[in-house]
Amino acid sequence: DAAPRKAKGTTKQVENGTKVEEKEDKAAQSLLNKMIHTSLVNTTNQVEVLQRDPKSPLYSVKTFEELRLKDELLRGVYDMGFNRPSKIQENALPMMLAEPPQNLIAQSQSGTGKTAAFALAMLSHVDPANKWTQCLCIAPTYELALQTGKVIEQMGKFYPEVKLAYAIRGNKLDRGTKLQEQIVIGTPGTVLDWCSKLKIIDPKKISVFVLDEADVMIATQGHQDQSIRIQRMLPNECQMLLFSATFEDSVWKFAERVVPDPNIIKLKREEETLDTIKQYYVLCNDKDEKFTALCNIYGAITIAQAMIFCHTRRTAGWLSAELTKEGHVVALLSGEMTVEQRAAIIERFREGKEKVLVTTNVCSRGIDVEQVSVVINFDLPIDKDGNADNETYLHRIGRTGRFGKRGLAVNMIDSKHSMNILNQIEEHFNKKINKLDTDDLDEIE
Ligand code: ADP
């Protein structure tokens with residue numbers, strides 16, 4: 001795989017002599033999301049559907065029975081604990097299973113049922129009597145491919161005639177080997193090799209092509225090119241399906257290149273708001289005073305669960321050690337951890353095994369903070385130019401409207417610079433952040 005491996009969005013930056021936390025790599029973030037979403041993410045937003053042929057009737061299903069799946073697959077679906085199609089599946093499944101096949105571009109945030117939908121579509125389209133590859137799915141990384149493969153295996157549990165192969169690095173096959181597995185999931189480089197150089201898969205016999213995590217895929221130029229080269233080898237009548245969690249212009253342009261005449265399904269992300277959050281700031285002189293203030297807050301109010309954000313790994317490590325010394329049971333999420341380790345820590349925190357989670361920015365996006373009553377910005381979020389990072393602030397503190405739970409956010413200020421950042425945030429959201437006197441905390445309970 002000659003694709004450049006350098007992840008976009010990884011910025012190493014030196015500030016005051018310390019390395020600022022590396023920005024999370026998109027693929028790792030996506031994998032983390034997959035690992036921690038053990039159930040569907042709820043959204044109140046409506047699905048938007050744009051049909052290729054606006055005159056054709058729009059089908060949507062409320063049950064899996066309506067899809068007339070093979071018994072083996074219906075059993076698989078129910079065995080996974082699915083009772084009814086998710087919002088996006090209600091529309092996507094009838095389109096994907098239609099005859100003749102229809103192309104689809106679908107966008108919805110992680111955890112809304114995309115993977116399950118295309119896994120089911122691939123399994124439905126396969127003819128198990130044919131011992132060649134019929135469905136091809138590409139994913140941006142080895143780990144993401146494995147994760148998706150697991151879903152296909154689980155859903156196909158009662159359909160053992162259908163076999164799955166992984167086209168990923170390390171899986172070496174000889175040139176000219178004729179692959180018998182009906183479904184292949186892999187990374188673009190290896191899939192391309194198997195289809196062209198090694199002639200292990202005959203691309204002309206592919207009837208379903210899935211491109212998953214398109215937004216992550218195009219972050220690597222090499223992957224984008226390889227994906228397009230694979231797509232060009234497929235027959236015209238092959239069904240093309242593309243999925244993405246986000247839809248910036250670049251994703252859209254790419255999607256239009258690889259999916260001709262598409263139906264389009266979009267499900268907007270739930271908006272986050274600061275409306276139900278009480279925001280405060282605390283004035284301190286340095287790190288130690290911030291720590292003392294934090295302990296005062298903790299001593300004064302009952303906190304179910306709190307998340308504390310630091311700017312660097314070093315501060316996060318220091319803070320969690322100090323809090324532990326004070327007798328708190330603290331979990332620490334940090335950038336050098338593997339995705340598996342992070343997923344395990346988030347899981348424990350969600351189960352309430354720890355009451356405090358100290359973290360850097362790296363991990364905040366994957367975590368649903370609805371259950372967290374208090375968020376402390378030990379350091380305010382800044383972008384790489386040192387300005388207020390409003391988006392991250394909103395994501396740390398904000399709630400999606402539907403839950404309506406109230407929350408408390410406390411920002412620790414220890415310099416003119418951080419006061420400046422705070423003012424930028426106030427201005428951006430047009431919301432006043434009040435000063436909190438940590439010697440008199442009655443007002444916040
Ligand atoms: P995405 O690909 O959009 O991230 P997934 O397909 O991985 O979403 O689904 C997220 C989670 O929801 C997974 O744990 C999956 O097993 C579960 N899930 C998917 N579809 C359904 C459904 N119809 N009913 C219940 N759970 C579902």
# chains A, B, ... in the order shown; residues from 1 in each chain; ligands from 1
$ residues_near_ligand --ligand "ligand 1" --cutoff "9 Å" --atoms "only C-alpha atoms and all ligand atoms" --output "ChimeraX atom specification"
/A:30,33-41,64,77-78,80-90,107-119,148,151,212-213,243-245
$ residues_around --residues "Arg342 (chain A)" --least-positions-apart "3" --cutoff "12 Å" --atoms "only C-alpha atoms" --output "list in words"
Ala28, Gln29, Leu31, Leu32, Asn33, Met35, Ile36, Ala331, Leu332, Leu333, Ser334, Gly335, Glu336, Met337, Thr338, Val339, Ile345, Ile346, Glu347, Arg348, Phe349, Leu357, Thr359, Thr360, Val362, Cys363, Ser364, Gly366 and Ile367 of chain A
$ residues_around --residues "region 277-293 of chain A" --least-positions-apart "3" --cutoff "9 Å" --atoms "only C-alpha atoms" --output "MDAnalysis selection string"
chainID A and resid 273:274 296:298 319 322:323 378 397:399 405:415 419 422 431:439 444
$ write_last_selection --atoms "N, CA and C atoms" --output "compact mmCIF listing (two decimals), in the first residue's frame"
# COMPACT_ATOMS: atom_id res chain seq x y z
N THR A 273 -26.64 23.19 21.87
CA THR A 273 -26.95 24.53 22.35
C THR A 273 -26.38 24.75 23.75
N LEU A 274 -26.18 26.02 24.06
CA LEU A 274 -25.70 26.37 25.39
C LEU A 274 -26.85 26.85 26.27
N ASN A 296 -12.25 23.24 45.69
CA ASN A 296 -13.31 23.97 46.40
C ASN A 296 -14.67 23.70 45.78
N ILE A 297 -14.70 23.73 44.46
CA ILE A 297 -15.96 23.48 43.76
C ILE A 297 -16.45 22.08 44.11
N TYR A 298 -15.52 21.16 44.07
CA TYR A 298 -15.87 19.78 44.37
C TYR A 298 -16.37 19.59 45.79
N LEU A 319 -2.85 16.68 36.65
CA LEU A 319 -4.11 16.95 37.32
C LEU A 319 -4.76 15.67 37.85
N GLU A 322 -2.94 14.62 40.96
CA GLU A 322 -3.27 15.48 42.11
C GLU A 322 -4.66 15.16 42.66
N LEU A 323 -5.60 14.98 41.75
CA LEU A 323 -6.97 14.67 42.18
C LEU A 323 -7.03 13.33 42.89
N PHE A 378 -10.35 23.23 32.48
CA PHE A 378 -9.15 23.58 33.24
C PHE A 378 -8.28 24.49 32.37
N ILE A 397 -19.33 21.57 26.07
CA ILE A 397 -20.30 22.04 27.05
C ILE A 397 -21.73 21.81 26.63
N GLY A 398 -21.97 21.92 25.32
CA GLY A 398 -23.33 21.98 24.81
C GLY A 398 -24.12 20.69 24.97
N ARG A 399 -25.41 20.85 24.89
CA ARG A 399 -26.32 19.71 24.95
C ARG A 399 -27.21 19.77 23.72
N LYS A 405 -31.66 18.58 29.82
CA LYS A 405 -31.05 18.53 31.15
C LYS A 405 -30.21 19.78 31.37
N ARG A 406 -30.17 20.22 32.61
CA ARG A 406 -29.35 21.38 32.88
C ARG A 406 -27.92 20.95 33.20
N GLY A 407 -27.02 21.80 32.84
CA GLY A 407 -25.62 21.48 33.13
C GLY A 407 -24.89 22.69 33.65
N LEU A 408 -23.70 22.44 34.16
CA LEU A 408 -22.89 23.51 34.70
C LEU A 408 -21.52 23.44 34.04
N ALA A 409 -21.04 24.60 33.59
CA ALA A 409 -19.71 24.65 33.01
C ALA A 409 -18.88 25.69 33.74
N VAL A 410 -17.66 25.31 34.11
CA VAL A 410 -16.78 26.25 34.80
C VAL A 410 -15.48 26.39 34.01
N ASN A 411 -15.13 27.62 33.70
CA ASN A 411 -13.90 27.89 32.95
C ASN A 411 -12.85 28.48 33.88
N MET A 412 -11.68 27.89 33.86
CA MET A 412 -10.59 28.36 34.72
C MET A 412 -9.73 29.36 33.95
N ILE A 413 -9.60 30.55 34.52
CA ILE A 413 -8.84 31.61 33.87
C ILE A 413 -7.59 31.91 34.68
N ASP A 414 -6.41 31.87 34.02
CA ASP A 414 -5.19 32.12 34.79
C ASP A 414 -4.26 33.13 34.12
N SER A 415 -4.76 33.85 33.13
CA SER A 415 -3.91 34.85 32.49
C SER A 415 -4.77 35.83 31.70
N MET A 419 -8.31 35.11 29.63
CA MET A 419 -9.47 36.00 29.80
C MET A 419 -9.94 36.48 28.43
N LEU A 422 -11.82 33.81 26.75
CA LEU A 422 -13.15 33.72 27.33
C LEU A 422 -14.07 34.80 26.73
N LYS A 431 -23.41 35.18 24.78
CA LYS A 431 -23.91 34.74 26.09
C LYS A 431 -22.90 35.16 27.15
N LYS A 432 -23.41 35.76 28.20
CA LYS A 432 -22.50 36.21 29.24
C LYS A 432 -22.07 35.04 30.11
N ILE A 433 -20.79 35.01 30.43
CA ILE A 433 -20.27 33.99 31.34
C ILE A 433 -19.96 34.71 32.65
N ASN A 434 -20.61 34.29 33.73
CA ASN A 434 -20.48 35.02 34.99
C ASN A 434 -19.29 34.58 35.82
N LYS A 435 -18.80 35.52 36.61
CA LYS A 435 -17.68 35.20 37.49
C LYS A 435 -18.19 34.39 38.68
N LEU A 436 -17.42 33.40 39.03
CA LEU A 436 -17.78 32.55 40.17
C LEU A 436 -16.79 32.80 41.28
N ASP A 437 -17.34 33.05 42.46
CA ASP A 437 -16.47 33.23 43.62
C ASP A 437 -16.37 31.89 44.33
N THR A 438 -15.20 31.27 44.26
CA THR A 438 -15.11 29.90 44.80
C THR A 438 -15.12 29.86 46.32
N ASP A 439 -15.10 31.05 46.97
CA ASP A 439 -15.25 31.03 48.42
C ASP A 439 -16.73 31.11 48.81
N ILE A 444 -24.47 28.40 42.80
CA ILE A 444 -24.53 27.48 41.65
C ILE A 444 -25.28 26.18 41.91
$ residues_around --residues "Glu256 (chain A)" --least-positions-apart "2" --cutoff "12 Å" --atoms "only C-alpha atoms" --output "ChimeraX atom specification"
/A:103-106,214,228,231,240-242,247,249-254,258-264
$ write_last_selection --atoms "C-alpha atoms" --output "mmCIF file, in the first residue's frame"
data_model
loop_
_atom_site.group_PDB
_atom_site.id
_atom_site.type_symbol
_atom_site.label_atom_id
_atom_site.label_comp_id
_atom_site.auth_asym_id
_atom_site.auth_seq_id
_atom_site.Cartn_x
_atom_site.Cartn_y
_atom_site.Cartn_z
ATOM 1 C CA ASN A 103 -27.208 4.051 -6.263
ATOM 2 C CA LEU A 104 -27.120 5.868 -2.979
ATOM 3 C CA ILE A 105 -25.159 8.554 -1.213
ATOM 4 C CA ALA A 106 -26.034 8.700 2.463
ATOM 5 C CA ALA A 214 -15.942 8.728 2.587
ATOM 6 C CA ILE A 228 -11.665 6.099 -8.021
ATOM 7 C CA GLN A 231 -14.683 2.239 -9.122
ATOM 8 C CA MET A 240 -22.629 2.051 -5.931
ATOM 9 C CA LEU A 241 -23.214 3.056 -2.323
ATOM 10 C CA LEU A 242 -21.333 5.773 -0.488
ATOM 11 C CA PHE A 247 -20.658 16.318 4.081
ATOM 12 C CA ASP A 249 -17.891 20.190 -0.271
ATOM 13 C CA SER A 250 -14.850 17.997 -0.810
ATOM 14 C CA VAL A 251 -16.779 14.878 0.228
ATOM 15 C CA TRP A 252 -19.624 15.859 -2.006
ATOM 16 C CA LYS A 253 -17.365 16.326 -5.039
ATOM 17 C CA PHE A 254 -15.759 12.965 -4.428
ATOM 18 C CA VAL A 258 -17.821 7.661 -7.646
ATOM 19 C CA VAL A 259 -21.605 7.383 -7.508
ATOM 20 C CA PRO A 260 -23.445 8.093 -10.766
ATOM 21 C CA ASP A 261 -27.166 8.992 -10.693
ATOM 22 C CA PRO A 262 -27.483 8.740 -6.957
ATOM 23 C CA ASN A 263 -30.381 8.884 -4.599
ATOM 24 C CA ILE A 264 -29.360 11.013 -1.671
#
$ select_by_dssp --residues "region 375-424 of chain A" --states "helix (DSSP H, G or I)" --output "MDAnalysis selection string"
chainID A and resid 390:397 401:403 416:424
$ select_by_dssp --residues "region 217-431 of chain A" --states "strand (DSSP E)" --output "PyMOL selection string"
chain A and resi 239-244+263-267+272-273+277-283+306-309+330-333+356-359+374-377+399-400+407-413
$ write_last_selection --atoms "N, CA and C atoms" --output "short mmCIF file (atom, residue, chain, number, x, y, z; two decimals), in the first residue's frame"
data_model
loop_
_atom_site.label_atom_id
_atom_site.label_comp_id
_atom_site.auth_asym_id
_atom_site.auth_seq_id
_atom_site.Cartn_x
_atom_site.Cartn_y
_atom_site.Cartn_z
N GLN A 239 -24.10 -1.67 -8.46
CA GLN A 239 -24.70 -0.72 -7.52
C GLN A 239 -23.61 -0.04 -6.70
N MET A 240 -23.64 1.29 -6.66
CA MET A 240 -22.63 2.05 -5.93
C MET A 240 -23.27 2.70 -4.71
N LEU A 241 -22.68 2.49 -3.56
CA LEU A 241 -23.21 3.06 -2.32
C LEU A 241 -22.10 3.79 -1.60
N LEU A 242 -22.37 5.00 -1.17
CA LEU A 242 -21.33 5.77 -0.49
C LEU A 242 -21.89 6.34 0.81
N PHE A 243 -21.09 6.21 1.87
CA PHE A 243 -21.53 6.67 3.19
C PHE A 243 -20.51 7.61 3.80
N SER A 244 -21.04 8.59 4.53
CA SER A 244 -20.16 9.54 5.17
C SER A 244 -20.86 10.10 6.40
N ASN A 263 -29.40 8.39 -5.55
CA ASN A 263 -30.38 8.88 -4.60
C ASN A 263 -29.56 9.44 -3.45
N ILE A 264 -30.13 10.41 -2.76
CA ILE A 264 -29.36 11.01 -1.67
C ILE A 264 -30.19 11.03 -0.40
N ILE A 265 -29.59 10.56 0.68
CA ILE A 265 -30.27 10.60 1.98
C ILE A 265 -29.38 11.35 2.95
N LYS A 266 -29.99 12.32 3.63
CA LYS A 266 -29.21 13.08 4.61
C LYS A 266 -29.97 13.15 5.92
N LEU A 267 -29.24 13.01 6.98
CA LEU A 267 -29.85 13.18 8.30
C LEU A 267 -28.96 14.15 9.06
N GLU A 272 -26.29 21.42 18.80
CA GLU A 272 -25.97 21.58 20.21
C GLU A 272 -26.25 23.02 20.64
N THR A 273 -26.64 23.19 21.87
CA THR A 273 -26.95 24.53 22.35
C THR A 273 -26.38 24.75 23.75
N ILE A 277 -27.28 25.51 29.83
CA ILE A 277 -26.04 25.40 30.58
C ILE A 277 -25.76 26.69 31.35
N LYS A 278 -25.45 26.54 32.63
CA LYS A 278 -24.98 27.71 33.39
C LYS A 278 -23.47 27.78 33.23
N GLN A 279 -23.01 28.91 32.71
CA GLN A 279 -21.57 29.04 32.47
C GLN A 279 -20.94 30.04 33.43
N TYR A 280 -19.81 29.64 33.98
CA TYR A 280 -19.08 30.51 34.90
C TYR A 280 -17.60 30.53 34.55
N TYR A 281 -16.93 31.54 35.11
CA TYR A 281 -15.48 31.48 35.08
C TYR A 281 -14.92 31.75 36.47
N VAL A 282 -13.72 31.25 36.70
CA VAL A 282 -13.05 31.44 37.98
C VAL A 282 -11.70 32.09 37.70
N LEU A 283 -11.39 33.15 38.44
CA LEU A 283 -10.11 33.84 38.24
C LEU A 283 -9.04 33.25 39.16
N ALA A 306 -18.24 14.47 36.37
CA ALA A 306 -17.62 15.65 35.78
C ALA A 306 -16.57 15.26 34.76
N MET A 307 -16.45 16.09 33.74
CA MET A 307 -15.35 15.95 32.79
C MET A 307 -14.48 17.19 32.91
N ILE A 308 -13.18 16.97 32.95
CA ILE A 308 -12.26 18.09 33.07
C ILE A 308 -11.33 18.08 31.86
N PHE A 309 -11.30 19.21 31.16
CA PHE A 309 -10.49 19.30 29.95
C PHE A 309 -9.21 20.08 30.19
N VAL A 330 -10.44 8.88 39.74
CA VAL A 330 -10.31 9.62 38.48
C VAL A 330 -9.94 8.70 37.32
N ALA A 331 -10.55 8.95 36.19
CA ALA A 331 -10.12 8.28 34.96
C ALA A 331 -9.40 9.29 34.08
N LEU A 332 -8.40 8.83 33.38
CA LEU A 332 -7.62 9.72 32.52
C LEU A 332 -7.63 9.20 31.09
N LEU A 333 -8.02 10.07 30.18
CA LEU A 333 -7.98 9.74 28.75
C LEU A 333 -6.87 10.55 28.13
N VAL A 356 -15.01 11.16 37.82
CA VAL A 356 -14.30 12.26 37.17
C VAL A 356 -13.50 11.72 36.00
N LEU A 357 -13.62 12.41 34.89
CA LEU A 357 -12.81 12.04 33.73
C LEU A 357 -11.96 13.24 33.34
N VAL A 358 -10.65 13.05 33.40
CA VAL A 358 -9.74 14.11 32.98
C VAL A 358 -9.27 13.77 31.57
N THR A 359 -9.32 14.75 30.70
CA THR A 359 -8.98 14.45 29.31
C THR A 359 -8.41 15.66 28.58
N VAL A 374 -21.34 18.26 35.15
CA VAL A 374 -20.41 19.38 35.26
C VAL A 374 -19.25 19.21 34.26
N VAL A 375 -18.97 20.26 33.53
CA VAL A 375 -17.81 20.26 32.65
C VAL A 375 -16.88 21.38 33.11
N ILE A 376 -15.63 21.05 33.33
CA ILE A 376 -14.66 22.05 33.75
C ILE A 376 -13.62 22.22 32.64
N ASN A 377 -13.48 23.44 32.19
CA ASN A 377 -12.38 23.71 31.28
C ASN A 377 -11.19 24.16 32.12
N ARG A 399 -25.41 20.85 24.89
CA ARG A 399 -26.32 19.71 24.95
C ARG A 399 -27.21 19.77 23.72
N THR A 400 -27.67 18.61 23.31
CA THR A 400 -28.66 18.64 22.25
C THR A 400 -29.99 18.92 22.93
N GLY A 407 -27.02 21.80 32.84
CA GLY A 407 -25.62 21.48 33.13
C GLY A 407 -24.89 22.69 33.65
N LEU A 408 -23.70 22.44 34.16
CA LEU A 408 -22.89 23.51 34.70
C LEU A 408 -21.52 23.44 34.04
N ALA A 409 -21.04 24.60 33.59
CA ALA A 409 -19.71 24.65 33.01
C ALA A 409 -18.88 25.69 33.74
N VAL A 410 -17.66 25.31 34.11
CA VAL A 410 -16.78 26.25 34.80
C VAL A 410 -15.48 26.39 34.01
N ASN A 411 -15.13 27.62 33.70
CA ASN A 411 -13.90 27.89 32.95
C ASN A 411 -12.85 28.48 33.88
N MET A 412 -11.68 27.89 33.86
CA MET A 412 -10.59 28.36 34.72
C MET A 412 -9.73 29.36 33.95
N ILE A 413 -9.60 30.55 34.52
CA ILE A 413 -8.84 31.61 33.87
C ILE A 413 -7.59 31.91 34.68
#
$ closest_residue --among "A:Ala304, A:Glu248, A:Asn42, A:Asp389" --to "Val216 (chain A)" --atoms "only C-alpha atoms"
A:Glu248
$ closest_residue --among "A:Glu426, A:Asp174, A:Asp79, A:Glu181" --to "Asp193 (chain A)" --atoms "only C-alpha atoms"
A:Asp174
$ closest_residue --among "A:Ala27, A:Leu146, A:Leu179, A:Ala388" --to "Asp202 (chain A)" --atoms "only C-alpha atoms"
A:Leu179
